[in-house]
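> Data: final.json, JSON, C-alpha atoms.
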[["chain", "number", "residue", "atom", "x", "y", "z"],
["A", 1, "MET", "CA", 32.04, -53.04, -9.71],
["A", 2, "PHE", "CA", 29.68, -52.23, -6.79],
["A", 3, "GLN", "CA", 30.28, -48.50, -7.28],
["A", 4, "SER", "CA", 29.51, -48.86, -10.99],
["A", 5, "LYS", "CA", 26.10, -50.41, -10.21],
["A", 6, "ALA", "CA", 25.28, -47.57, -7.81],
["A", 7, "ASN", "CA", 26.21, -45.02, -10.43],
["A", 8, "ARG", "CA", 24.06, -46.80, -13.00],
["A", 9, "LYS", "CA", 21.10, -46.74, -10.60],
["A", 10, "ARG", "CA", 21.52, -43.02, -9.98],
["A", 11, "ALA", "CA", 21.82, -42.38, -13.72],
["A", 12, "ALA", "CA", 18.67, -44.41, -14.36],
["A", 13, "ALA", "CA", 16.77, -42.38, -11.76],
["A", 14, "VAL", "CA", 17.91, -39.11, -13.31],
["A", 15, "ILE", "CA", 16.92, -40.29, -16.78],
["A", 16, "ALA", "CA", 13.51, -41.44, -15.52],
["A", 17, "ALA", "CA", 12.88, -38.07, -13.90],
["A", 18, "ALA", "CA", 13.94, -36.27, -17.07],
["A", 19, "VAL", "CA", 11.65, -38.43, -19.20],
["A", 20, "MET", "CA", 8.74, -37.72, -16.86],
["A", 21, "PHE", "CA", 9.45, -33.97, -17.02],
["A", 22, "LEU", "CA", 9.60, -34.09, -20.82],
["A", 23, "MET", "CA", 6.33, -36.05, -20.98],
["A", 24, "LEU", "CA", 4.64, -33.47, -18.77],
["A", 25, "SER", "CA", 6.10, -30.61, -20.79],
["A", 26, "ALA", "CA", 4.93, -32.19, -24.04],
["A", 27, "CYS", "CA", 1.41, -32.17, -22.63],
["A", 28, "GLY", "CA", 1.78, -28.54, -21.62],
["A", 29, "VAL", "CA", 1.90, -29.44, -17.91],
["A", 30, "ARG", "CA", 4.54, -28.25, -15.46],
["A", 31, "PRO", "CA", 5.12, -30.43, -12.35],
["A", 32, "SER", "CA", 3.82, -27.58, -10.15],
["A", 33, "GLU", "CA", 0.49, -27.82, -11.98],
["A", 34, "GLN", "CA", -0.25, -31.32, -10.74],
["A", 35, "LEU", "CA", -3.14, -31.70, -8.31],
["A", 36, "ASP", "CA", -2.47, -33.14, -4.87],
["A", 37, "GLU", "CA", -5.17, -35.65, -3.93],
["A", 38, "SER", "CA", -4.17, -35.47, -0.24],
["A", 39, "LYS", "CA", -5.05, -31.77, 0.03],
["A", 40, "THR", "CA", -7.73, -29.27, -0.93],
["A", 41, "ASN", "CA", -6.79, -28.13, -4.43],
["A", 42, "VAL", "CA", -7.23, -24.42, -5.15],
["A", 43, "VAL", "CA", -6.69, -22.80, -8.55],
["A", 44, "THR", "CA", -6.12, -19.04, -8.65],
["A", 45, "THR", "CA", -5.92, -16.79, -11.68],
["A", 46, "PHE", "CA", -3.08, -14.49, -10.64],
["A", 47, "TYR", "CA", -0.54, -13.75, -7.91],
["A", 48, "PRO", "CA", -2.49, -11.75, -5.24],
["A", 49, "LEU", "CA", -5.08, -14.53, -5.00],
["A", 50, "TYR", "CA", -2.33, -17.17, -4.95],
["A", 51, "TYR", "CA", -0.72, -15.31, -2.05],
["A", 52, "LEU", "CA", -3.96, -15.15, -0.07],
["A", 53, "ALA", "CA", -4.83, -18.80, -0.71],
["A", 54, "SER", "CA", -1.33, -19.97, 0.25],
["A", 55, "GLN", "CA", -1.25, -17.90, 3.43],
["A", 56, "ILE", "CA", -4.73, -18.84, 4.63],
["A", 57, "GLY", "CA", -4.70, -22.42, 3.37],
["A", 58, "GLY", "CA", -1.27, -23.25, 4.74],
["A", 59, "ASP", "CA", -0.34, -26.93, 4.78],
["A", 60, "ASP", "CA", -3.93, -28.02, 4.15],
["A", 61, "VAL", "CA", -4.19, -26.73, 0.59],
["A", 62, "HIS", "CA", -2.36, -27.13, -2.68],
["A", 63, "VAL", "CA", -2.50, -23.91, -4.69],
["A", 64, "ILE", "CA", -1.98, -23.73, -8.45],
["A", 65, "ASN", "CA", -1.61, -20.27, -9.97],
["A", 66, "LEU", "CA", -2.48, -19.99, -13.65],
["A", 67, "VAL", "CA", -0.51, -16.88, -14.66],
["A", 68, "PRO", "CA", 3.25, -17.67, -14.49],
["A", 69, "ALA", "CA", 5.81, -15.42, -12.81],
["A", 70, "GLY", "CA", 6.90, -12.54, -15.04],
["A", 71, "VAL", "CA", 3.71, -12.55, -17.15],
["A", 72, "GLU", "CA", 1.38, -9.54, -17.18],
["A", 73, "PRO", "CA", -2.14, -10.91, -16.44],
["A", 74, "HIS", "CA", -3.74, -8.44, -18.87],
["A", 75, "ASP", "CA", -1.85, -10.27, -21.65],
["A", 76, "TRP", "CA", -2.55, -13.84, -20.52],
["A", 77, "THR", "CA", -5.24, -16.20, -21.81],
["A", 78, "PRO", "CA", -5.95, -19.75, -20.58],
["A", 79, "LYS", "CA", -5.27, -22.95, -22.47],
["A", 80, "SER", "CA", -7.36, -26.12, -22.55],
["A", 81, "ARG", "CA", -5.12, -27.72, -19.91],
["A", 82, "ASP", "CA", -5.92, -24.84, -17.52],
["A", 83, "ILE", "CA", -9.63, -25.62, -17.87],
["A", 84, "GLU", "CA", -8.93, -29.30, -17.19],
["A", 85, "ILE", "CA", -6.97, -28.47, -14.02],
["A", 86, "ALA", "CA", -9.67, -26.11, -12.75],
["A", 87, "SER", "CA", -12.36, -28.73, -13.47],
["A", 88, "GLU", "CA", -10.56, -31.22, -11.23],
["A", 89, "ALA", "CA", -9.86, -28.76, -8.40],
["A", 90, "ASP", "CA", -11.98, -28.10, -5.32],
["A", 91, "LEU", "CA", -11.99, -24.32, -5.61],
["A", 92, "PHE", "CA", -11.40, -21.89, -8.49],
["A", 93, "LEU", "CA", -10.80, -18.28, -7.45],
["A", 94, "TYR", "CA", -10.70, -15.30, -9.78],
["A", 95, "ASN", "CA", -10.64, -11.57, -9.16],
["A", 96, "GLY", "CA", -13.65, -10.54, -11.22],
["A", 97, "ALA", "CA", -14.53, -6.87, -11.83],
["A", 98, "GLY", "CA", -13.42, -7.39, -15.43],
["A", 99, "LEU", "CA", -9.78, -8.36, -14.84],
["A", 100, "GLU", "CA", -10.15, -11.80, -16.41],
["A", 101, "ASN", "CA", -12.15, -10.95, -19.53],
["A", 102, "TRP", "CA", -11.98, -14.63, -20.48],
["A", 103, "VAL", "CA", -13.54, -15.97, -17.29],
["A", 104, "ASP", "CA", -17.15, -16.37, -18.50],
["A", 105, "HIS", "CA", -16.07, -18.63, -21.36],
["A", 106, "PHE", "CA", -13.65, -20.40, -19.02],
["A", 107, "LEU", "CA", -16.39, -21.24, -16.51],
["A", 108, "LYS", "CA", -18.68, -22.48, -19.29],
["A", 109, "GLY", "CA", -15.86, -24.74, -20.46],
["A", 110, "LEU", "CA", -15.49, -26.54, -17.13],
["A", 111, "SER", "CA", -16.26, -30.25, -17.26],
["A", 112, "SER", "CA", -19.97, -31.04, -16.91],
["A", 113, "ASP", "CA", -19.23, -33.42, -14.02],
["A", 114, "SER", "CA", -16.87, -30.99, -12.26],
["A", 115, "LYS", "CA", -17.55, -30.35, -8.58],
["A", 116, "VAL", "CA", -15.30, -27.31, -8.38],
["A", 117, "LYS", "CA", -16.68, -24.29, -6.53],
["A", 118, "THR", "CA", -15.97, -20.89, -8.08],
["A", 119, "ALA", "CA", -15.88, -17.40, -6.59],
["A", 120, "ALA", "CA", -14.97, -13.82, -7.55],
["A", 121, "MET", "CA", -12.79, -12.36, -4.82],
["A", 122, "SER", "CA", -13.69, -8.74, -5.58],
["A", 123, "GLU", "CA", -17.21, -9.30, -4.29],
["A", 124, "GLY", "CA", -18.02, -7.00, -1.38],
["A", 125, "ILE", "CA", -15.63, -4.25, -2.46],
["A", 126, "ALA", "CA", -17.08, -0.91, -3.56],
["A", 127, "LEU", "CA", -15.84, -0.93, -7.15],
["A", 128, "LEU", "CA", -14.49, 2.10, -8.99],
["A", 129, "GLU", "CA", -15.08, 3.10, -12.57],
["A", 130, "GLY", "CA", -12.20, 4.03, -14.84],
["A", 131, "SER", "CA", -11.81, 7.76, -15.34],
["A", 132, "GLY", "CA", -13.60, 7.37, -18.68],
["A", 133, "GLU", "CA", -11.66, 9.75, -20.90],
["A", 134, "GLU", "CA", -8.56, 7.62, -21.29],
["A", 135, "GLU", "CA", -10.44, 4.33, -21.61],
["A", 136, "ASP", "CA", -12.88, 5.62, -24.23],
["A", 137, "GLU", "CA", -10.10, 7.16, -26.29],
["A", 138, "HIS", "CA", -7.84, 4.12, -26.21],
["A", 139, "GLY", "CA", -10.50, 1.45, -26.31],
["A", 140, "HIS", "CA", -9.38, -0.44, -23.23],
["A", 141, "ALA", "CA", -11.68, -3.36, -22.55],
["A", 142, "HIS", "CA", -12.49, -3.77, -18.89],
["A", 143, "ASP", "CA", -16.24, -3.64, -19.43],
["A", 144, "GLU", "CA", -18.55, -5.15, -16.88],
["A", 145, "GLY", "CA", -22.28, -5.12, -17.38],
["A", 146, "GLU", "CA", -24.40, -4.12, -20.32],
["A", 147, "ASN", "CA", -24.02, -0.37, -20.00],
["A", 148, "GLY", "CA", -20.49, -0.33, -21.42],
["A", 149, "SER", "CA", -18.98, 1.05, -18.22],
["A", 150, "HIS", "CA", -15.30, 0.47, -17.52],
["A", 151, "THR", "CA", -14.84, -1.07, -14.10],
["A", 152, "ASP", "CA", -11.45, -0.74, -12.46],
["A", 153, "PRO", "CA", -10.44, -4.32, -11.51],
["A", 154, "HIS", "CA", -7.27, -3.46, -9.53],
["A", 155, "THR", "CA", -8.86, -3.97, -6.12],
["A", 156, "TRP", "CA", -5.92, -5.79, -4.50],
["A", 157, "VAL", "CA", -3.53, -2.80, -4.71],
["A", 158, "SER", "CA", -5.16, -1.35, -1.57],
["A", 159, "PRO", "CA", -4.54, -3.12, 1.78],
["A", 160, "LYS", "CA", -8.12, -2.23, 2.76],
["A", 161, "SER", "CA", -9.42, -4.21, -0.22],
["A", 162, "MET", "CA", -7.09, -7.11, 0.51],
["A", 163, "LEU", "CA", -8.55, -7.38, 4.00],
["A", 164, "ILE", "CA", -12.00, -7.87, 2.45],
["A", 165, "MET", "CA", -10.65, -10.35, -0.10],
["A", 166, "ALA", "CA", -8.80, -12.34, 2.59],
["A", 167, "ASN", "CA", -11.96, -12.75, 4.66],
["A", 168, "HIS", "CA", -13.92, -13.75, 1.56],
["A", 169, "LEU", "CA", -11.30, -16.34, 0.59],
["A", 170, "LYS", "CA", -11.16, -17.77, 4.10],
["A", 171, "ASN", "CA", -14.91, -18.32, 4.05],
["A", 172, "LYS", "CA", -14.71, -20.06, 0.67],
["A", 173, "LEU", "CA", -12.00, -22.41, 1.93],
["A", 174, "ILE", "CA", -14.07, -23.32, 4.99],
["A", 175, "ALA", "CA", -17.10, -23.99, 2.78],
["A", 176, "VAL", "CA", -15.25, -26.56, 0.65],
["A", 177, "ASP", "CA", -13.14, -28.02, 3.49],
["A", 178, "PRO", "CA", -14.90, -27.55, 6.85],
["A", 179, "SER", "CA", -12.72, -30.19, 8.51],
["A", 180, "HIS", "CA", -9.82, -27.72, 8.57],
["A", 181, "GLN", "CA", -11.82, -24.68, 9.65],
["A", 182, "GLU", "CA", -9.75, -24.17, 12.78],
["A", 183, "ASP", "CA", -6.51, -24.08, 10.76],
["A", 184, "TYR", "CA", -7.97, -21.66, 8.22],
["A", 185, "GLU", "CA", -9.25, -19.36, 10.94],
["A", 186, "ALA", "CA", -5.86, -19.34, 12.67],
["A", 187, "ASN", "CA", -3.94, -18.67, 9.45],
["A", 188, "TYR", "CA", -6.40, -15.96, 8.48],
["A", 189, "ALA", "CA", -5.95, -14.24, 11.86],
["A", 190, "LYS", "CA", -2.18, -14.06, 11.31],
["A", 191, "LEU", "CA", -2.58, -12.70, 7.79],
["A", 192, "LYS", "CA", -5.24, -10.23, 8.92],
["A", 193, "GLN", "CA", -2.83, -8.82, 11.49],
["A", 194, "LYS", "CA", -0.16, -8.32, 8.79],
["A", 195, "LEU", "CA", -2.62, -6.59, 6.47],
["A", 196, "GLU", "CA", -3.96, -4.38, 9.27],
["A", 197, "GLU", "CA", -0.41, -3.34, 10.17],
["A", 198, "LEU", "CA", 0.25, -2.58, 6.50],
["A", 199, "ASP", "CA", -2.97, -0.55, 6.29],
["A", 200, "ALA", "CA", -2.05, 1.40, 9.44],
["A", 201, "ARG", "CA", 1.39, 2.25, 8.03],
["A", 202, "TYR", "CA", -0.10, 3.49, 4.75],
["A", 203, "THR", "CA", -2.70, 5.54, 6.60],
["A", 204, "SER", "CA", -0.29, 7.17, 9.07],
["A", 205, "GLU", "CA", 2.62, 7.84, 6.69],
["A", 206, "LEU", "CA", 0.64, 9.09, 3.70],
["A", 207, "ALA", "CA", -1.30, 11.43, 5.98],
["A", 208, "THR", "CA", 1.96, 13.35, 6.55],
["A", 209, "VAL", "CA", 2.69, 14.24, 2.91],
["A", 210, "SER", "CA", 1.63, 17.53, 1.36],
["A", 211, "ARG", "CA", 1.75, 16.27, -2.24],
["A", 212, "LYS", "CA", -1.06, 13.93, -3.28],
["A", 213, "ASP", "CA", -0.60, 13.45, -7.06],
["A", 214, "ILE", "CA", 1.08, 10.32, -8.43],
["A", 215, "VAL", "CA", 1.84, 9.90, -12.14],
["A", 216, "VAL", "CA", 1.77, 6.19, -12.98],
["A", 217, "SER", "CA", 2.23, 3.97, -16.04],
["A", 218, "HIS", "CA", -1.31, 2.63, -16.14],
["A", 219, "GLN", "CA", -4.48, 3.17, -14.17],
["A", 220, "ALA", "CA", -3.81, 0.47, -11.58],
["A", 221, "PHE", "CA", -3.77, 2.49, -8.36],
["A", 222, "GLY", "CA", -7.31, 3.83, -8.12],
["A", 223, "TYR", "CA", -8.23, 1.86, -4.98],
["A", 224, "LEU", "CA", -4.96, 2.79, -3.31],
["A", 225, "ALA", "CA", -5.55, 6.45, -4.18],
["A", 226, "ARG", "CA", -9.16, 6.36, -2.97],
["A", 227, "ASP", "CA", -8.36, 4.69, 0.34],
["A", 228, "TYR", "CA", -5.34, 6.83, 1.26],
["A", 229, "GLY", "CA", -6.22, 10.27, -0.09],
["A", 230, "LEU", "CA", -4.09, 10.28, -3.25],
["A", 231, "LYS", "CA", -4.84, 11.20, -6.87],
["A", 232, "GLN", "CA", -3.47, 9.07, -9.69],
["A", 233, "VAL", "CA", -2.70, 10.47, -13.13],
["A", 234, "ALA", "CA", -2.19, 7.57, -15.53],
["A", 235, "ILE", "CA", -0.20, 7.55, -18.77],
["A", 236, "MET", "CA", -2.30, 4.62, -20.01],
["A", 237, "GLY", "CA", -5.76, 3.39, -19.06],
["A", 238, "LEU", "CA", -6.96, 0.40, -17.07],
["A", 239, "SER", "CA", -4.95, -1.93, -19.31],
["A", 240, "PRO", "CA", -1.32, -1.20, -20.17],
["A", 241, "ASP", "CA", -1.65, -2.59, -23.71],
["A", 242, "ALA", "CA", -2.48, 0.50, -25.76],
["A", 243, "GLU", "CA", -0.10, 3.40, -26.25],
["A", 244, "PRO", "CA", -1.33, 6.89, -25.31],
["A", 245, "ARG", "CA", -1.99, 9.50, -27.97],
["A", 246, "SER", "CA", 0.41, 12.39, -28.48],
["A", 247, "GLN", "CA", -2.03, 14.88, -26.92],
["A", 248, "ASP", "CA", -2.30, 12.67, -23.83],
["A", 249, "ILE", "CA", 1.47, 12.68, -23.49],
["A", 250, "MET", "CA", 1.65, 16.44, -23.80],
["A", 251, "ARG", "CA", -1.15, 16.85, -21.26],
["A", 252, "ILE", "CA", 0.73, 14.74, -18.72],
["A", 253, "ILE", "CA", 4.01, 16.57, -19.36],
["A", 254, "HIS", "CA", 2.26, 19.88, -18.66],
["A", 255, "PHE", "CA", 0.63, 18.38, -15.55],
["A", 256, "VAL", "CA", 3.99, 17.20, -14.23],
["A", 257, "LYS", "CA", 5.60, 20.60, -14.78],
["A", 258, "ASP", "CA", 2.65, 22.66, -13.51],
["A", 259, "ASN", "CA", 2.32, 20.61, -10.33],
["A", 260, "ARG", "CA", 6.06, 20.22, -9.69],
["A", 261, "ILE", "CA", 5.90, 16.43, -9.75],
["A", 262, "LYS", "CA", 9.30, 15.02, -8.84],
["A", 263, "TYR", "CA", 8.98, 11.45, -10.10],
["A", 264, "ILE", "CA", 7.06, 9.39, -12.66],
["A", 265, "PHE", "CA", 6.33, 5.79, -11.68],
["A", 266, "SER", "CA", 7.04, 2.85, -13.97],
["A", 267, "GLU", "CA", 6.17, -0.82, -13.36],
["A", 268, "GLU", "CA", 7.93, -4.18, -13.24],
["A", 269, "LEU", "CA", 5.97, -6.18, -15.83],
["A", 270, "ILE", "CA", 5.46, -3.61, -18.58],
["A", 271, "SER", "CA", 7.93, -1.66, -20.70],
["A", 272, "PRO", "CA", 9.13, 1.54, -18.99],
["A", 273, "GLU", "CA", 9.91, 3.28, -22.30],
["A", 274, "ILE", "CA", 6.91, 5.63, -22.39],
["A", 275, "ALA", "CA", 7.34, 6.57, -18.73],
["A", 276, "LYS", "CA", 11.05, 7.06, -19.36],
["A", 277, "MET", "CA", 10.36, 9.34, -22.31],
["A", 278, "LEU", "CA", 7.89, 11.40, -20.27],
["A", 279, "ALA", "CA", 10.34, 11.71, -17.38],
["A", 280, "SER", "CA", 13.04, 12.88, -19.79],
["A", 281, "GLU", "CA", 10.76, 15.45, -21.43],
["A", 282, "ALA", "CA", 9.56, 16.76, -18.07],
["A", 283, "HIS", "CA", 13.07, 16.64, -16.51],
["A", 284, "VAL", "CA", 11.99, 14.52, -13.53],
["A", 285, "GLY", "CA", 13.15, 11.25, -12.02],
["A", 286, "MET", "CA", 11.70, 7.75, -12.21],
["A", 287, "LEU", "CA", 10.70, 5.28, -9.53],
["A", 288, "VAL", "CA", 9.01, 1.87, -9.61],
["A", 289, "LEU", "CA", 5.51, 1.46, -8.16],
["A", 290, "ASN", "CA", 4.46, -2.17, -8.33],
["A", 291, "PRO", "CA", 0.76, -2.95, -8.98],
["A", 292, "LEU", "CA", 1.43, -6.52, -7.87],
["A", 293, "GLU", "CA", -0.29, -8.13, -10.81],
["A", 294, "GLY", "CA", 2.46, -10.74, -10.62],
["A", 295, "LEU", "CA", 5.97, -11.37, -9.38],
["A", 296, "THR", "CA", 9.04, -11.40, -11.60],
["A", 297, "PRO", "CA", 11.10, -14.63, -11.55],
["A", 298, "LYS", "CA", 13.79, -12.70, -9.63],
["A", 299, "GLN", "CA", 11.33, -11.56, -6.95],
["A", 300, "GLU", "CA", 9.98, -15.10, -6.68],
["A", 301, "LYS", "CA", 13.49, -16.49, -6.25],
["A", 302, "GLN", "CA", 14.32, -13.89, -3.60],
["A", 303, "GLY", "CA", 11.25, -14.84, -1.57],
["A", 304, "GLN", "CA", 9.53, -11.48, -1.93],
["A", 305, "ASP", "CA", 5.78, -11.46, -1.43],
["A", 306, "PHE", "CA", 2.74, -9.20, -1.39],
["A", 307, "ILE", "CA", 3.51, -7.69, 2.03],
["A", 308, "SER", "CA", 7.19, -6.98, 1.39],
["A", 309, "ILE", "CA", 6.51, -5.38, -2.00],
["A", 310, "MET", "CA", 3.67, -3.27, -0.61],
["A", 311, "TYR", "CA", 6.04, -1.88, 2.03],
["A", 312, "LYS", "CA", 8.53, -1.11, -0.74],
["A", 313, "ASN", "CA", 5.72, 0.66, -2.64],
["A", 314, "LEU", "CA", 5.06, 2.79, 0.45],
["A", 315, "ASP", "CA", 8.73, 3.75, 0.62],
["A", 316, "GLN", "CA", 8.63, 4.79, -3.03],
["A", 317, "LEU", "CA", 5.46, 6.83, -2.50],
["A", 318, "MET", "CA", 6.93, 8.62, 0.48],
["A", 319, "LEU", "CA", 10.07, 9.46, -1.49],
["A", 320, "ALA", "CA", 8.02, 10.87, -4.37],
["A", 321, "LEU", "CA", 5.48, 12.80, -2.33],
["A", 322, "LYS", "CA", 7.62, 14.44, 0.35]]
The structure given in the file should be rewritten as C-alpha cells.


Amino acid sequence: MFQSKANRKRAAAVIAAAVMFLMLSACGVRPSEQLDESKTNVVTTFYPLYYLASQIGGDDVHVINLVPAGVEPHDWTPKSRDIEIASEADLFLYNGAGLENWVDHFLKGLSSDSKVKTAAMSEGIALLEGSGEEEDEHGHAHDEGENGSHTDPHTWVSPKSMLIMANHLKNKLIAVDPSHQEDYEANYAKLKQKLEELDARYTSELATVSRKDIVVSHQAFGYLARDYGLKQVAIMGLSPDAEPRSQDIMRIIHFVKDNRIKYIFSEELISPEIAKMLASEAHVGMLVLNPLEGLTPKQEKQGQDFISIMYKNLDQLMLALK
C-alpha cells in the first residue's frame, strides 16, 4: 500500500513534467530557451558567439542560442518568440557583416520597453569582400551598405578574428554586469590563452606546407586564408544555398587538375553532393573542413567545441596541403 502511494507520486511528477514540456512546446518554447532571472541573460544568434559567451560568462550568465544544433544559419530565420526572448534578455549578440540578413528587422521588432543591449561581434575586424564573380553570378545576398558590395561575414573561422571577438564580447558583458567583472576577466584570460595557442599552431604548421590552395564547398574560409597565407577556391559563393553553374564546375575541375589538388573539402551542415561529384570528376579525395557555423547534434552530444573542431580542421588542412 505504501509502495503504491510512492509509485503514484512518482507517476504524478512525471506526468506534470510532461504536461509542462508539452505546454512549452505548444508555445514554441524549449525548456533551454527559458530566461534565468538569477543570472545575466545573453542571447546569441549562432554557435561561435554562444561558445564565446558561455566560456567568458561562465556560471554568471545564462546563454540562449537561437539557431539550433544541426541547422545551417544561412537558412534560419527568427520567429516571434525569438524576438520576445531577446527583448527580455540583458544582452543580444549577433555577428553582423551581413550574416544575419534579418537582424535589422529583428532589432526594430524588440519590445519598446526592452532594456536589452545589442552588439555586432564582428566590429573591429578588417572585413573582406566576397570575390565578386561568384556572388554576382549566383545572386548570393550578403550585401552590407548601399553600394551593393558583398561582405564576407565568416569572421570567426580565423583564430585571429576570434581573439578580437572574444575581447569585444568580454567588454560587453562587463558593461551590462559590472559586478562580475573580475570573473569575466579571469574567464576571458583562460579563453584568450586557448585561442592564442590555436593561432600559434595554425601559424607554425601552415607555414611548413608548400601547397596553399584549398578547394572548399562555399566561400567560408576567406579570413582563415588571409590570416594564414592560404588561397580558397570555392564551389559556391558566400552562401551555400545556390548551386554553381556548369561553367563554374568545369573551371574548378580544371583548376584542381592543373594545380594537382589532392582533396576537395566538404562541410558538415550542407549537402556534400556537389563536392562529391567534383571530386569524382577530378579523381581526387574528399575531406571535411568545418566552417563552424553550428554543431551537429552528434558533435554537441560528444562534447566537441570550437577549439577541438578547429584543431581537427588544422589536421585536415595539413593532410590536404602536404

> Point out the residue among A:Asp75, A:Glu88, A:Asp183, A:Glu273 with the least atom-to-atom distance to A:Glu243, counting only C-alpha atoms.

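The shortest atom-to-atom distance to A:Glu243 comes from A:Glu273.
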
> Take atom CA of A:Trp102 and atom CA of A:Leu66 and report the distance between them in Å, one decimal.

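The value is 12.9 Å.
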
> Please report the interatomic distance between atom CA of A:Lys231 and atom CA of A:Ile214 in Å with one decimal.

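Interatomic distance here is 6.2 Å.
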
> Nearest to A:Thr45: which of A:His74, A:Lys115, A:Lys262, A:Lys108 is it, counting all atoms listed in the file?

A:His74

> Which one of A:Leu163, A:Val116, A:Ala207, A:Ile264 sits closest to A:Ser280 if you count all atoms listed in the file?

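For A:Ser280, the nearest of the candidates is A:Ile264.
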
> So, counting all atoms listed in the file, which residue among A:Asn95, A:Ser266, A:Asn259, A:Asn101 is closest to A:Gly124?

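The shortest atom-to-atom distance to A:Gly124 comes from A:Asn95.
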
> Expressed in Å to a single decimal, how great is the separation between atom CA of A:Leu127 and atom CA of A:Thr155?

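Between atom CA of A:Leu127 and atom CA of A:Thr155 the gap works out to 7.7 Å.
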
> Near A:Leu110, within 8 Å and counting all atoms listed in the file, which residues show up once chain neighbours fewer than 2 positions away are dropped, as a list in words?

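Final neighbour list, sorted by chain and number: Ile83, Glu84, Ala86, Ser87, Phe106, Leu107, Lys108, Ser112 and Ser114 of chain A.
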
> Find, counting only C-alpha atoms, the residue in A:Lys276, A:Glu72, A:Tyr94, A:Leu319 that gets nearest to A:Pro240.

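Going through A:Lys276, A:Glu72, A:Tyr94, A:Leu319 one by one, the smallest distance to A:Pro240 is for A:Glu72.
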
> Name all residues at most 10 Å from A:Ala275 (count all atoms listed in the file; drop same-chain ones fewer than 3 positions away) and give them as a PyMOL selection string.

chain A and resi 215-218+235-236+249+264-267+271-272+278-281+286-287

> Hey, can you spit out that residue selection with C-alpha atoms as a PDB file, keeping the file's coordinate frame?


ATOM      1  CA  VAL A 215       1.840   9.900 -12.140  1.00  0.00           C
ATOM      2  CA  VAL A 216       1.770   6.190 -12.980  1.00  0.00           C
ATOM      3  CA  SER A 217       2.230   3.970 -16.040  1.00  0.00           C
ATOM      4  CA  HIS A 218      -1.310   2.630 -16.140  1.00  0.00           C
ATOM      5  CA  ILE A 235      -0.200   7.550 -18.770  1.00  0.00           C
ATOM      6  CA  MET A 236      -2.300   4.620 -20.010  1.00  0.00           C
ATOM      7  CA  ILE A 249       1.470  12.680 -23.490  1.00  0.00           C
ATOM      8  CA  ILE A 264       7.060   9.390 -12.660  1.00  0.00           C
ATOM      9  CA  PHE A 265       6.330   5.790 -11.680  1.00  0.00           C
ATOM     10  CA  SER A 266       7.040   2.850 -13.970  1.00  0.00           C
ATOM     11  CA  GLU A 267       6.170  -0.820 -13.360  1.00  0.00           C
ATOM     12  CA  SER A 271       7.930  -1.660 -20.700  1.00  0.00           C
ATOM     13  CA  PRO A 272       9.130   1.540 -18.990  1.00  0.00           C
ATOM     14  CA  LEU A 278       7.890  11.400 -20.270  1.00  0.00           C
ATOM     15  CA  ALA A 279      10.340  11.710 -17.380  1.00  0.00           C
ATOM     16  CA  SER A 280      13.040  12.880 -19.790  1.00  0.00           C
ATOM     17  CA  GLU A 281      10.760  15.450 -21.430  1.00  0.00           C
ATOM     18  CA  MET A 286      11.700   7.750 -12.210  1.00  0.00           C
ATOM     19  CA  LEU A 287      10.700   5.280  -9.530  1.00  0.00           C
TER      20      LEU A 287
END

> Quick one: everything within 8 Å of A:Pro291, counting all atoms listed in the file, minus sequence neighbours fewer than 6 positions away in the same chain. Send it as an MDAnalysis selection string.

chainID A and resid 157 220:221 267

> Using all atoms listed in the file, can you tell me which of A:Ile252, A:Met310, A:Val176, A:Leu191 comes closest to A:Leu292?

A:Met310

> Can you pull out every residue within 12 Å of A:Ala119, counting all atoms listed in the file, but drop anything in the same chain fewer than 6 positions away, and send it as a list in words?

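The filter keeps Val42, Val43, Thr44, Thr45, Leu49, Asp90, Leu91, Phe92, Leu93, Tyr94, Asn95, Gly96, Ala97, Val103, Leu107, Met165, His168, Leu169, Lys170, Asn171, Lys172, Leu173, Ala175 and Val176 of chain A.
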
> Output the selection as a compact mmCIF listing (two decimals), in the coordinates of the input - C-alpha atoms for each residue.


# COMPACT_ATOMS: atom_id res chain seq x y z
CA VAL A 42 -7.23 -24.42 -5.15
CA VAL A 43 -6.69 -22.80 -8.55
CA THR A 44 -6.12 -19.04 -8.65
CA THR A 45 -5.92 -16.79 -11.68
CA LEU A 49 -5.08 -14.53 -5.00
CA ASP A 90 -11.98 -28.10 -5.32
CA LEU A 91 -11.99 -24.32 -5.61
CA PHE A 92 -11.40 -21.89 -8.49
CA LEU A 93 -10.80 -18.28 -7.45
CA TYR A 94 -10.70 -15.30 -9.78
CA ASN A 95 -10.64 -11.57 -9.16
CA GLY A 96 -13.65 -10.54 -11.22
CA ALA A 97 -14.53 -6.87 -11.83
CA VAL A 103 -13.54 -15.97 -17.29
CA LEU A 107 -16.39 -21.24 -16.51
CA MET A 165 -10.65 -10.35 -0.10
CA HIS A 168 -13.92 -13.75 1.56
CA LEU A 169 -11.30 -16.34 0.59
CA LYS A 170 -11.16 -17.77 4.10
CA ASN A 171 -14.91 -18.32 4.05
CA LYS A 172 -14.71 -20.06 0.67
CA LEU A 173 -12.00 -22.41 1.93
CA ALA A 175 -17.10 -23.99 2.78
CA VAL A 176 -15.25 -26.56 0.65

> Using only C-alpha atoms, find each residue of stretch 72-166 of chain A with at least one atom at most 12 Å away from an atom of stretch 303-308 of chain A; report its shortest atom-to-atom pair and that distance in Å (one decimal), sort the rows by chain and rising residue number, and return the result as a tab-separated table.


residue	atom	partner	partner_atom	distance
A:Trp156	CA	A:Phe306	CA	9.8
A:Val157	CA	A:Phe306	CA	9.6
A:Ser158	CA	A:Phe306	CA	11.1
A:Pro159	CA	A:Ile307	CA	9.3
A:Met162	CA	A:Phe306	CA	10.2
